[in-house]
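J.: After the structure tokens below, expect a handful of questions from me.
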Amino acid sequence: MAGDGYDDSNRAFIQAFMARSTMTFEEAKPVLAAILSAKEGRQVLEGDITQADFTSYITAANAALSPFDLEIRSTLHQAPPPVNGEPPANPPRIYALVNTTSDPLAQLATTYTADEIAFVKRLLDAMFETNNTRRCEGMAVSSMQALQLARSSGDGRRDSTQQQTQGSSAPALSMTQAESVLKKLVEEGWLEKSSKGYYSLSPRGLMELRGWLVDTYNEEDEDGNRVNRIKFCVACKEIVTVGQRCANRDCPGRLHEACIRNTFRVQRSEQCPVCKAPWPGDKYVGEKAMTAIERGAQGRGRTGNELVGSGIDS
Ligand SMILES: [Zn+2]
Ligand SMILES: [Zn+2]
């Protein structure tokens, strides 16, 4: 249907995307039905909209948007909200119109103040540096820690990384200001807040920040060794901030929960797809890695202590 050139219907489709932070195919159906009804001068029903229609509108939109550093990207939710207490069998693909510029934080400048953006940067540093070590790939921030980051002193930050000390002079926010920024980031679809009160990047946030995260947090240390804090799923090649990891700390083997079963079925064994070691199944990436450490610290002595000391281990 969109094959006959770029027209008002394509523009309306992009407008609809700009008005929302994300859309699934199901959510796009009524939007496309309305757009096509207007275009064709007859009623097009939601049920008539196919995935092929959706895809062709996305392709046309991306061709038109690329000169403006914008792109409609899609991803699956790494930890889709449970349906009746169970992980959904077929979580929907999530589409978002994202900025492809090298500094996506700059686009926050239209709606956030410089101090607020500095706070967002401290949140991201906490997720991807402080709470993302060799021993604990948390990639999330507790509500308490998020509020502590309202202050600019940067206590949570590892001072060993030279280039980041300049952030310590950034002005602070009050607790109330920090709370309202966090709320806004959740409402706008950048962050998600879990039932336990942990903040992490949403699917849209990850799509938007993908390149920036790699540029910012994957680097060489003083000895010239590559430090890849942002890691990718061996199966689907997307960033893993929630999932499982290989037992071998030096192995880059990471898998999303949803990608594990397929991977094991295809390779006919429950081993790491990279180093072939037995897959542990209880080594997590994400909030679960952090809450496992909390439990360890409260309960068992030796294991707990060992893990608690891990904050500075990288
Ligand atoms: Zn995956
Ligand atoms: Zn491995």
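Letters for chains follow the order of the structure tokens (A, B, ...), residue numbers begin at 1 for each chain, and ligand numbers begin at 1 in the order shown.
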Any residue with an atom at most 6 Å from ligand 1 counts, using only C-alpha atoms and all ligand atoms. Which are they? Put them as a PyMOL selection string.

T.: chain A and resi 233+235-236+238+255-256+259

J.: Take the residues from that selection and put them in a file with C-alpha atoms, as a short mmCIF file (atom, residue, chain, number, x, y, z; two decimals), in the first residue's frame.

T.:
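Saved to result-v3.cif:
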```cif
data_model
loop_
_atom_site.label_atom_id
_atom_site.label_comp_id
_atom_site.auth_asym_id
_atom_site.auth_seq_id
_atom_site.Cartn_x
_atom_site.Cartn_y
_atom_site.Cartn_z
CA CYS A 233 23.64 -11.46 23.75
CA ALA A 235 22.10 -15.27 20.30
CA CYS A 236 20.29 -12.09 19.26
CA GLU A 238 21.41 -7.04 21.27
CA LEU A 255 22.29 -14.59 26.95
CA HIS A 256 18.84 -13.07 27.45
CA CYS A 259 17.31 -16.50 24.12
#
```

J.: Please identify the strand (DSSP E or B) residues within region 6-100 of chain A (assignment by DSSP from backbone atoms) and present them as a PyMOL selection string.

T.: chain A and resi 23+70-76+83+86+93-99

J.: Mind listing the residues within 10 Å of ligand 2, only C-alpha atoms and all ligand atoms counted, as a list of chain:residue names?

T.: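 Residues lying within 10 Å of ligand 2: A:Arg245, A:Cys246, A:Ala247, A:Asn248, A:Arg249, A:Asp250, A:Cys251, A:Pro252, A:Gly253, A:Arg254, A:Gln271, A:Cys272, A:Pro273, A:Val274, A:Cys275, A:Lys276, A:Ala277, A:Pro278, A:Trp279, A:Pro280.
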
J.: For the contact check between region 108-163 of chain A and region 175-188 of chain A, emit one row per residue of region 108-163 of chain A within 9 Å, containing the shortest atom pair and the distance in Å rounded to one decimal, counting only C-alpha atoms, chain then rising number order, as a tab-separated table.

T.:
```
residue	atom	partner	partner_atom	distance
A:Tyr112	CA	A:Val181	CA	8.4
A:Glu116	CA	A:Val181	CA	7.1
A:Phe119	CA	A:Ala178	CA	7.7
A:Val120	CA	A:Val181	CA	8.4
A:Ala146	CA	A:Ala178	CA	8.0
A:Leu147	CA	A:Met175	CA	6.1
A:Gln148	CA	A:Met175	CA	8.0
A:Leu149	CA	A:Ala178	CA	8.2
A:Ala150	CA	A:Ala178	CA	5.6
A:Arg151	CA	A:Met175	CA	8.3
```

J.: Please report, as a Markdown table, each residue of region 67-118 of chain A lying at most 7 Å from region 18-28 of chain A, together with the nearest pair of atoms and the separation in Å rounded to one decimal; use only C-alpha atoms, and order rows by chain and ascending residue number.

T.:
```
| residue | atom | partner | partner_atom | distance |
| --- | --- | --- | --- | --- |
| A:Pro92 | CA | A:Thr24 | CA | 6.4 |
| A:Arg93 | CA | A:Thr24 | CA | 6.0 |
| A:Ile94 | CA | A:Thr24 | CA | 5.0 |
| A:Tyr95 | CA | A:Met23 | CA | 5.1 |
| A:Ala96 | CA | A:Thr22 | CA | 4.6 |
| A:Leu97 | CA | A:Met18 | CA | 6.7 |
```

J.: Enter the distance from CA of Pro82 (chain A) to CA of Ile239 (chain A), in Å, rounded to one decimal.

T.: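 Result for CA of Pro82 (chain A) versus CA of Ile239 (chain A): 20.9 Å, one decimal.
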
J.: Could you state the separation of CA of Val240 (chain A) and CA of Ser269 (chain A) in Å, given to one decimal place?

T.: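 That distance, rounded to one decimal, is 21.5 Å.
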